[in-house]
>>> print(open('structure07.txt').read())   # compact mmCIF, C-alpha atoms
# COMPACT_ATOMS: atom_id res chain seq x y z
CA MET A 11 0.54 22.36 -6.30
CA GLN A 12 0.50 23.01 -10.01
CA LEU A 13 1.99 19.64 -10.98
CA LEU A 14 -0.82 17.70 -9.31
CA GLU A 15 -3.59 20.05 -10.44
CA ASP A 16 -2.40 19.71 -14.03
CA ARG A 17 -2.36 15.94 -13.76
CA ILE A 18 -5.88 15.85 -12.29
CA THR A 19 -7.12 18.12 -15.08
CA GLN A 20 -5.44 15.94 -17.68
CA ASP A 21 -6.25 12.43 -16.41
CA GLY A 22 -8.99 12.75 -13.78
CA LYS A 23 -12.52 11.68 -14.64
CA VAL A 24 -15.62 12.94 -12.86
CA TYR A 25 -18.56 10.58 -12.34
CA PRO A 26 -22.02 11.15 -10.88
CA GLY A 27 -22.15 11.38 -7.08
CA ASN A 28 -19.03 13.61 -6.89
CA VAL A 29 -16.75 10.68 -7.68
CA LEU A 30 -13.33 11.72 -8.97
CA LYS A 31 -11.48 8.86 -10.63
CA VAL A 32 -7.72 9.32 -10.55
CA ASP A 33 -6.86 5.65 -10.66
CA SER A 34 -4.53 5.98 -13.63
CA PHE A 35 -1.88 7.70 -11.46
CA LEU A 36 -2.89 7.86 -7.80
CA ASN A 37 -4.80 4.92 -6.39
CA HIS A 38 -4.84 1.87 -8.65
CA GLN A 39 -2.04 2.46 -11.11
CA ILE A 40 0.59 4.57 -9.36
CA ASP A 41 2.89 7.04 -11.08
CA CYS A 42 5.87 6.50 -8.76
CA ASP A 43 7.80 9.52 -9.99
CA LEU A 44 4.80 11.81 -9.44
CA MET A 45 4.31 10.30 -5.98
CA THR A 46 7.92 11.07 -5.07
CA GLN A 47 7.52 14.68 -6.24
CA LEU A 48 4.34 15.04 -4.15
CA GLY A 49 6.22 13.55 -1.22
CA ALA A 50 9.03 16.09 -1.62
CA GLU A 51 6.52 18.95 -1.50
CA ILE A 52 5.03 17.55 1.72
CA VAL A 53 8.49 17.28 3.26
CA ARG A 54 9.14 20.91 2.30
CA ARG A 55 5.88 22.09 3.90
CA PHE A 56 6.49 20.25 7.17
CA ASP A 57 10.17 21.20 7.37
CA GLY A 58 11.36 21.66 10.95
CA GLU A 59 8.59 19.58 12.52
CA ASN A 60 10.95 16.72 13.49
CA ILE A 61 8.48 14.07 12.36
CA THR A 62 9.38 10.61 13.69
CA LYS A 63 6.70 8.51 11.98
CA VAL A 64 4.22 8.55 9.11
CA LEU A 65 0.78 6.98 9.60
CA THR A 66 -1.73 6.07 6.89
CA VAL A 67 -4.52 3.55 6.41
CA GLU A 68 -4.59 0.68 3.93
CA ALA A 69 -4.72 0.47 0.99
CA SER A 70 -4.66 3.49 -1.28
CA GLY A 71 -2.72 5.73 1.11
CA ILE A 72 0.26 3.39 1.33
CA ALA A 73 2.21 4.43 -1.79
CA PHE A 74 2.02 8.15 -1.01
CA ALA A 75 2.83 7.56 2.67
CA PHE A 76 5.82 5.43 1.68
CA ALA A 77 7.11 8.19 -0.60
CA VAL A 78 6.81 10.78 2.20
CA ALA A 79 8.34 8.52 4.88
CA SER A 80 11.24 7.51 2.62
CA LEU A 81 12.15 11.14 2.01
CA LEU A 82 11.83 11.94 5.73
CA GLY A 83 13.91 8.88 6.65
CA VAL A 84 11.33 7.63 9.17
CA PRO A 85 9.21 4.46 9.43
CA MET A 86 5.78 4.32 7.85
CA VAL A 87 2.90 2.56 9.62
CA PHE A 88 -0.32 1.65 7.91
CA ALA A 89 -3.42 1.12 10.00
CA LYS A 90 -5.42 -1.97 9.11
CA LYS A 91 -9.11 -1.94 8.38
CA SER A 92 -11.18 -4.51 10.18
CA GLN A 93 -14.86 -5.35 10.37
CA THR A 94 -14.54 -7.83 13.19
CA ASN A 95 -15.14 -6.82 16.77
CA ASN A 96 -12.31 -8.92 18.15
CA LEU A 97 -10.21 -6.43 20.03
CA SER A 98 -6.77 -7.17 21.29
CA PRO A 99 -5.27 -5.38 24.30
CA ASN A 100 -2.17 -4.80 22.15
CA VAL A 101 -4.00 -2.73 19.57
CA TYR A 102 -5.23 0.87 19.29
CA ASN A 103 -8.63 0.98 17.67
CA ALA A 104 -10.86 3.71 16.24
CA LYS A 105 -14.24 3.53 14.48
CA VAL A 106 -14.61 5.05 11.03
CA VAL A 107 -17.91 5.64 9.23
CA SER A 108 -17.51 5.18 5.47
CA TYR A 109 -20.04 7.36 3.68
CA THR A 110 -18.87 5.99 0.31
CA HIS A 111 -19.78 2.43 1.22
CA SER A 112 -22.39 3.15 3.93
CA THR A 113 -20.56 0.98 6.45
CA THR A 114 -18.60 1.35 9.65
CA TYR A 115 -15.20 -0.20 10.04
CA ASP A 116 -12.39 -0.12 12.56
CA VAL A 117 -8.85 1.09 11.95
CA ARG A 118 -6.23 -0.61 14.05
CA VAL A 119 -2.57 -0.14 14.88
CA GLU A 120 -0.41 -2.36 17.08
CA LYS A 121 0.45 -0.36 20.19
CA GLU A 122 4.18 -1.00 19.89
CA PHE A 123 4.35 1.00 16.66
CA ILE A 124 3.21 4.36 18.05
CA LEU A 125 5.04 5.56 21.13
CA PRO A 126 4.28 8.54 23.39
CA THR A 127 7.49 10.16 22.13
CA ASP A 128 6.40 10.00 18.47
CA LYS A 129 5.58 13.05 16.35
CA VAL A 130 3.31 11.60 13.72
CA LEU A 131 2.37 12.90 10.29
CA ILE A 132 -0.86 11.44 8.92
CA VAL A 133 -0.75 10.90 5.15
CA ASP A 134 -3.60 9.95 2.84
CA ASP A 135 -4.46 10.15 -0.84
CA PHE A 136 -7.92 11.73 -0.36
CA LEU A 137 -9.71 13.96 2.12
CA ALA A 138 -13.48 14.03 1.66
CA ASN A 139 -15.55 13.75 4.84
CA GLY A 140 -12.52 13.37 7.09
CA ALA A 141 -13.66 10.23 8.87
CA ALA A 142 -10.48 8.23 8.19
CA LEU A 143 -8.21 11.11 9.27
CA THR A 144 -10.18 11.65 12.45
CA GLY A 145 -9.83 7.95 13.25
CA LEU A 146 -6.08 8.01 12.69
CA ALA A 147 -5.68 11.17 14.79
CA ASP A 148 -7.68 9.46 17.53
CA ILE A 149 -5.25 6.51 17.50
CA ILE A 150 -2.23 8.83 17.77
CA THR A 151 -3.87 10.62 20.70
CA GLN A 152 -4.65 7.30 22.41
CA ALA A 153 -0.94 6.51 22.15
CA GLY A 154 -0.07 9.79 23.86
CA ALA A 155 1.87 10.85 20.76
CA LYS A 156 1.72 14.18 18.91
CA VAL A 157 -0.30 14.72 15.72
CA VAL A 158 1.96 16.94 13.61
CA GLY A 159 -0.66 17.30 10.90
CA CYS A 160 -2.23 15.72 7.85
CA ALA A 161 -0.67 15.57 4.40
CA ILE A 162 -3.22 14.98 1.65
CA ALA A 163 -2.86 14.62 -2.10
CA ILE A 164 -6.41 15.60 -3.12
CA GLU A 165 -8.95 17.36 -0.89
CA LYS A 166 -12.55 17.61 -1.97
CA GLY A 167 -13.05 21.19 -0.81
CA PHE A 168 -16.80 21.01 -1.35
CA GLN A 169 -17.15 18.30 1.33
CA ASP A 170 -16.88 18.90 5.06
CA GLY A 171 -13.76 16.92 5.94
CA GLY A 172 -11.24 19.75 5.64
CA LYS A 173 -13.34 22.02 7.84
CA ILE A 174 -13.90 19.29 10.45
CA VAL A 175 -10.24 18.24 10.74
CA ARG A 176 -8.90 21.82 10.74
CA GLY A 177 -11.62 22.65 13.30
CA GLN A 178 -9.99 20.13 15.64
CA GLY A 179 -6.84 22.26 15.53
CA ILE A 180 -5.02 19.86 13.20
CA ARG A 181 -2.86 21.33 10.46
CA VAL A 182 -3.94 20.02 7.05
CA GLU A 183 -1.79 20.45 3.95
CA SER A 184 -3.55 19.37 0.76
CA LEU A 185 -1.60 19.48 -2.50
CA ALA A 186 -4.73 20.05 -4.58
CA ILE A 187 -8.07 21.29 -3.27
CA ILE A 188 -11.03 20.84 -5.56
CA GLU A 189 -13.55 23.65 -5.18
CA LYS A 190 -16.06 22.34 -7.67
CA MET A 191 -16.27 19.65 -10.30
CA THR A 192 -18.61 18.77 -13.16
CA ASN A 193 -18.17 16.18 -15.85
CA SER A 194 -16.64 18.83 -18.10
CA SER A 195 -14.47 20.85 -15.69
CA ILE A 196 -12.61 20.76 -12.39
CA THR A 197 -12.02 24.00 -10.48
CA PHE A 198 -9.26 24.23 -7.86
CA ARG A 199 -9.15 26.48 -4.81
CA ASN A 200 -6.39 29.09 -4.99
CA MET B 12 19.95 -11.89 0.85
CA GLN B 13 21.90 -11.55 4.06
CA LEU B 14 20.46 -8.16 5.03
CA LEU B 15 16.89 -9.48 5.05
CA GLU B 16 17.76 -12.81 6.68
CA ASP B 17 19.51 -10.96 9.49
CA ARG B 18 16.53 -8.70 10.00
CA ILE B 19 14.12 -11.64 10.09
CA THR B 20 16.34 -13.40 12.63
CA GLN B 21 16.55 -10.25 14.74
CA ASP B 22 12.95 -9.01 14.64
CA GLY B 23 10.77 -11.83 13.30
CA LYS B 24 8.51 -13.73 15.69
CA VAL B 25 7.22 -17.24 15.09
CA TYR B 26 3.73 -18.16 16.29
CA PRO B 27 1.85 -21.46 16.24
CA GLY B 28 0.44 -22.46 12.84
CA ASN B 29 3.63 -21.48 10.98
CA VAL B 30 2.86 -17.78 11.36
CA LEU B 31 5.89 -15.53 10.95
CA LYS B 32 5.28 -12.04 12.27
CA VAL B 33 7.48 -9.44 10.61
CA ASP B 34 5.15 -6.52 11.11
CA SER B 35 7.76 -4.34 12.77
CA PHE B 36 9.54 -3.79 9.44
CA LEU B 37 7.69 -5.40 6.52
CA ASN B 38 3.92 -5.37 6.62
CA HIS B 39 2.46 -3.08 9.28
CA GLN B 40 5.28 -0.80 10.26
CA ILE B 41 7.53 -0.42 7.20
CA ASP B 42 11.27 0.20 7.32
CA CYS B 43 11.42 2.34 4.18
CA ASP B 44 15.20 2.24 3.89
CA LEU B 45 15.24 -1.57 4.12
CA MET B 46 12.46 -1.74 1.53
CA THR B 47 14.50 0.39 -0.87
CA GLN B 48 17.53 -1.86 -0.40
CA LEU B 49 15.38 -4.95 -1.07
CA GLY B 50 14.01 -3.20 -4.14
CA ALA B 51 17.53 -2.51 -5.43
CA GLU B 52 18.42 -6.20 -5.11
CA ILE B 53 15.31 -7.16 -7.11
CA VAL B 54 16.22 -4.63 -9.82
CA ARG B 55 19.72 -6.16 -9.97
CA ARG B 56 18.35 -9.71 -10.33
CA PHE B 57 15.94 -8.78 -13.12
CA ASP B 58 18.44 -6.58 -14.97
CA GLY B 59 17.97 -6.70 -18.74
CA GLU B 60 14.36 -7.85 -18.61
CA ASN B 61 12.95 -4.51 -19.84
CA ILE B 62 10.13 -4.56 -17.30
CA THR B 63 7.40 -2.04 -18.15
CA LYS B 64 5.13 -2.47 -15.13
CA VAL B 65 5.05 -3.81 -11.57
CA LEU B 66 1.93 -5.60 -10.31
CA THR B 67 1.06 -6.42 -6.70
CA VAL B 68 -2.09 -6.94 -4.65
CA GLU B 69 -3.35 -4.75 -1.82
CA ALA B 70 -2.42 -4.10 0.90
CA SER B 71 0.86 -5.43 2.29
CA GLY B 72 2.59 -5.79 -1.08
CA ILE B 73 2.21 -2.13 -1.99
CA ALA B 74 5.21 -0.62 -0.18
CA PHE B 75 7.68 -3.20 -1.56
CA ALA B 76 6.16 -2.96 -5.05
CA PHE B 77 6.42 0.83 -4.92
CA ALA B 78 10.10 0.61 -3.96
CA VAL B 79 10.81 -1.76 -6.87
CA ALA B 80 8.78 0.24 -9.42
CA SER B 81 10.37 3.54 -8.34
CA LEU B 82 13.85 2.15 -8.90
CA LEU B 83 12.82 0.66 -12.27
CA GLY B 84 11.15 3.93 -13.28
CA VAL B 85 7.90 2.19 -14.28
CA PRO B 86 4.29 2.44 -13.03
CA MET B 87 3.09 0.20 -10.20
CA VAL B 88 -0.41 -1.29 -10.29
CA PHE B 89 -2.04 -2.86 -7.28
CA ALA B 90 -4.85 -5.34 -7.81
CA LYS B 91 -7.87 -4.81 -5.59
CA LYS B 92 -9.41 -7.52 -3.47
CA SER B 93 -13.14 -7.90 -3.71
CA GLN B 94 -15.70 -10.25 -2.25
CA THR B 95 -18.57 -9.06 -4.40
CA ASN B 96 -19.54 -10.88 -7.56
CA ASN B 97 -20.28 -7.69 -9.51
CA LEU B 98 -18.05 -8.00 -12.51
CA SER B 99 -17.39 -5.15 -14.89
CA PRO B 100 -16.45 -5.74 -18.53
CA ASN B 101 -13.60 -3.26 -17.99
CA VAL B 102 -11.90 -5.39 -15.35
CA TYR B 103 -9.66 -8.47 -15.35
CA ASN B 104 -10.63 -10.82 -12.57
CA ALA B 105 -9.07 -13.91 -10.94
CA LYS B 106 -10.20 -16.03 -7.99
CA VAL B 107 -7.85 -16.54 -5.07
CA VAL B 108 -8.32 -19.05 -2.25
CA SER B 109 -6.99 -17.70 1.04
CA TYR B 110 -5.85 -20.60 3.21
CA THR B 111 -4.99 -18.20 6.02
CA HIS B 112 -8.54 -16.90 6.30
CA SER B 113 -10.38 -19.91 4.76
CA THR B 114 -12.12 -17.69 2.22
CA THR B 115 -12.14 -17.08 -1.49
CA TYR B 116 -11.79 -13.59 -2.87
CA ASP B 117 -11.31 -11.99 -6.27
CA VAL B 118 -8.37 -9.89 -7.38
CA ARG B 119 -9.19 -7.28 -9.97
CA VAL B 120 -7.33 -4.91 -12.26
CA GLU B 121 -8.83 -2.36 -14.65
CA LYS B 122 -8.08 -3.55 -18.17
CA GLU B 123 -6.59 -0.24 -19.26
CA PHE B 124 -3.68 -0.67 -16.83
CA ILE B 125 -2.23 -3.87 -18.31
CA LEU B 126 -1.62 -3.81 -22.05
CA PRO B 127 -0.61 -6.67 -24.36
CA THR B 128 2.75 -4.95 -24.84
CA ASP B 129 3.54 -4.94 -21.11
CA LYS B 130 6.31 -6.99 -19.51
CA VAL B 131 5.09 -7.31 -15.95
CA LEU B 132 7.00 -8.11 -12.78
CA ILE B 133 4.79 -9.43 -9.97
CA VAL B 134 5.94 -8.24 -6.52
CA ASP B 135 4.70 -9.38 -3.13
CA ASP B 136 5.90 -9.42 0.45
CA PHE B 137 5.19 -13.12 1.08
CA LEU B 138 5.01 -16.37 -0.87
CA ALA B 139 3.35 -19.22 1.04
CA ASN B 140 0.83 -21.28 -0.93
CA GLY B 141 1.17 -19.19 -4.08
CA ALA B 142 -2.54 -18.52 -4.57
CA ALA B 143 -2.20 -14.72 -4.83
CA LEU B 144 0.72 -14.93 -7.27
CA THR B 145 -1.13 -17.42 -9.46
CA GLY B 146 -4.11 -15.09 -9.55
CA LEU B 147 -1.95 -12.12 -10.55
CA ALA B 148 -0.16 -14.16 -13.24
CA ASP B 149 -3.58 -15.22 -14.55
CA ILE B 150 -4.60 -11.56 -14.89
CA ILE B 151 -1.42 -10.71 -16.81
CA THR B 152 -2.04 -13.64 -19.13
CA GLN B 153 -5.66 -12.58 -19.68
CA ALA B 154 -4.29 -9.19 -20.76
CA GLY B 155 -2.02 -10.88 -23.29
CA ALA B 156 1.00 -9.38 -21.52
CA LYS B 157 4.21 -11.14 -20.49
CA VAL B 158 4.89 -12.38 -16.94
CA VAL B 159 8.57 -11.56 -16.40
CA GLY B 160 8.63 -13.23 -13.01
CA CYS B 161 7.83 -12.87 -9.33
CA ALA B 162 9.85 -10.87 -6.83
CA ILE B 163 9.23 -11.90 -3.24
CA ALA B 164 10.62 -10.65 0.03
CA ILE B 165 10.00 -13.77 2.16
CA GLU B 166 9.20 -17.24 0.83
CA LYS B 167 8.01 -19.93 3.18
CA GLY B 168 10.04 -22.72 1.60
CA PHE B 169 8.23 -25.38 3.62
CA GLN B 170 4.92 -24.56 1.93
CA ASP B 171 4.01 -25.47 -1.66
CA GLY B 172 3.71 -22.05 -3.28
CA GLY B 173 7.27 -21.77 -4.59
CA LYS B 174 7.09 -25.21 -6.18
CA ILE B 175 3.68 -24.52 -7.73
CA VAL B 176 4.58 -21.14 -9.23
CA ARG B 177 7.99 -22.28 -10.50
CA GLY B 178 6.27 -25.38 -11.87
CA GLN B 179 4.21 -23.09 -14.10
CA GLY B 180 7.47 -21.94 -15.70
CA ILE B 181 7.47 -18.62 -13.86
CA ARG B 182 10.79 -17.30 -12.56
CA VAL B 183 10.59 -16.63 -8.82
CA GLU B 184 13.22 -14.60 -6.97
CA SER B 185 12.80 -14.64 -3.19
CA LEU B 186 15.14 -12.55 -1.08
CA ALA B 187 14.84 -14.88 1.90
CA ILE B 188 13.59 -18.47 1.79
CA ILE B 189 12.68 -20.01 5.12
CA GLU B 190 13.43 -23.72 5.21
CA LYS B 191 12.16 -24.34 8.71
CA MET B 192 11.05 -22.34 11.70
CA THR B 193 10.31 -23.02 15.35
CA ASN B 194 9.62 -20.56 18.12
CA SER B 195 13.32 -20.52 18.97
CA SER B 196 15.00 -20.59 15.56
CA ILE B 197 14.54 -19.77 11.87
CA THR B 198 16.57 -21.67 9.27
CA PHE B 199 17.10 -20.24 5.79
CA ARG B 200 17.67 -22.14 2.54
CA ASN B 201 21.12 -21.57 1.08
>>> encode(input="structure07.txt", output="structure tokens")
Amino acid sequence: MQLLEDRITQDGKVYPGNVLKVDSFLNHQIDCDLMTQLGAEIVRRFDGENITKVLTVEASGIAFAFAVASLLGVPMVFAKKSQTNNLSPNVYNAKVVSYTHSTTYDVRVEKEFILPTDKVLIVDDFLANGAALTGLADIITQAGAKVVGCAIAIEKGFQDGGKIVRGQGIRVESLAIIEKMTNSSITFRN
Amino acid sequence: MQLLEDRITQDGKVYPGNVLKVDSFLNHQIDCDLMTQLGAEIVRRFDGENITKVLTVEASGIAFAFAVASLLGVPMVFAKKSQTNNLSPNVYNAKVVSYTHSTTYDVRVEKEFILPTDKVLIVDDFLANGAALTGLADIITQAGAKVVGCAIAIEKGFQDGGKIVRGQGIRVESLAIIEKMTNSSITFRN
């Protein structure tokens, strides 16, 4: 999506270790108008899928997920991250390995908020190694609901996540896919 | 605000320790349409204040803050919680005592996202002891910006936060103020 690629080119900063900082508009300060336009493009791409719920994980996915869910007119659920092992019988739980922080955490959703009849769109700001998405898809499957697909703002195309999630048969729509980045240039996949 | 009070009465659950669970519409599963209506009421109450930015703290304040900021047409910034002591010179930092979890954490905002010219509205889903709001107001003050006020969905009127924050001369607008709650009834302040 040209609008997002232009914004990344203009305001994104690349740091060592393949870190892309887009916190002036996407995940610390939020450009609400941009987010709504990204949401509208996601709604267009998933037209006809009869989505009943949007699922994301706290915290940086929430604004984008809210924009998408608002436009779809469906509830948005955000999974909570937890490092405790206290499991409740009322909660779906999946383990996620964070390569960024070299830790493992759980993502959790109260069972009452995902029903077997739900058609769920997963939304997140970033797709890198795919661990968070895989965890969320696992929760939807545990609930007996349908994974409609994943809607992503920025995919790091040079990491494995996109390949892994698509390899599980899940439709992934990323609004900008970065093929390669250096501290002086960012190249997008066509 | 009648709409929110009715929803709390209908779907809120009271648990021992003065816990009010509203996670079916406010802070786990989000009713996006309700959130937008709450946002519109906040915009109405702060009309004429020329707000330039909305500030909240991750994670459960983000959806409400996004709704408010979208309607105002201004950026939304969410402060990040951190338990590390690594401070960066590029970051505003304030300490927050969490009575709920008996811990202390830091809230942090990159300095570039709050400017001395900003008029900032603080938005959060809950006001109980006021510690998070006080931390956010502290950050705005460190930036030399103006605290326009606090916009809250649910205030626990039987806890001290409202009194403390208002006592600092900060305008607080809460859409529902709970005077008293038991497991069979919730009473709102007029």
>>> axis_aligned_box(input="structure07.txt", around="range 39-47 of chain A", padding_each_side="8 Å", output="lines of an AutoDock Vina configuration file")
center_x = 2.9
center_y = 8.6
center_z = -8.1
size_x = 26.0
size_y = 28.2
size_z = 22.0
>>> interface_residues(input="structure07.txt", of="chain A", to="chain B", cutoff="12 Å", atoms="all atoms listed in the file", output="PyMOL selection string")
chain A and resi 33-47+63-91+118-124
>>> residues_around(input="structure07.txt", residues="Leu185 in chain A", least_positions_apart="3", cutoff="9 Å", atoms="all atoms listed in the file", output="JSON, numbers by chain")
{"A": [11, 12, 14, 15, 48, 51, 52, 161, 162, 163, 164, 165]}
>>> residues_near_point(input="structure07.txt", point="(16.8, -7.2, -17.7)", cutoff="12 Å", atoms="all atoms listed in the file", output="MDAnalysis selection string")
chainID B and resid 53:63 83 130:132 159:160
>>> atom_distance(input="structure07.txt", atom1="CA of Gly167 in chain A", atom2="CA of Gly179 in chain A")
17.5 Å
>>> atom_distance(input="structure07.txt", atom1="CA of Asn193 in chain A", atom2="CA of Tyr25 in chain A")
6.6 Å
>>> atom_distance(input="structure07.txt", atom1="CA of Gly154 in chain A", atom2="CA of Val117 in chain A")
17.2 Å
>>> residues_around(input="structure07.txt", residues="Val30 in chain B", least_positions_apart="4", cutoff="12 Å", atoms="only C-alpha atoms", output="NGL selection string")
:B and (23-26 or 34 or 111 or 137 or 139 or 167 or 170 or 189 or 191-194 or 197)
>>> closest_residue(input="structure07.txt", among="B:Ile181, B:Ala187, B:Asp135, B:Gly28", to="Tyr110 in chain B", atoms="only C-alpha atoms")
B:Gly28
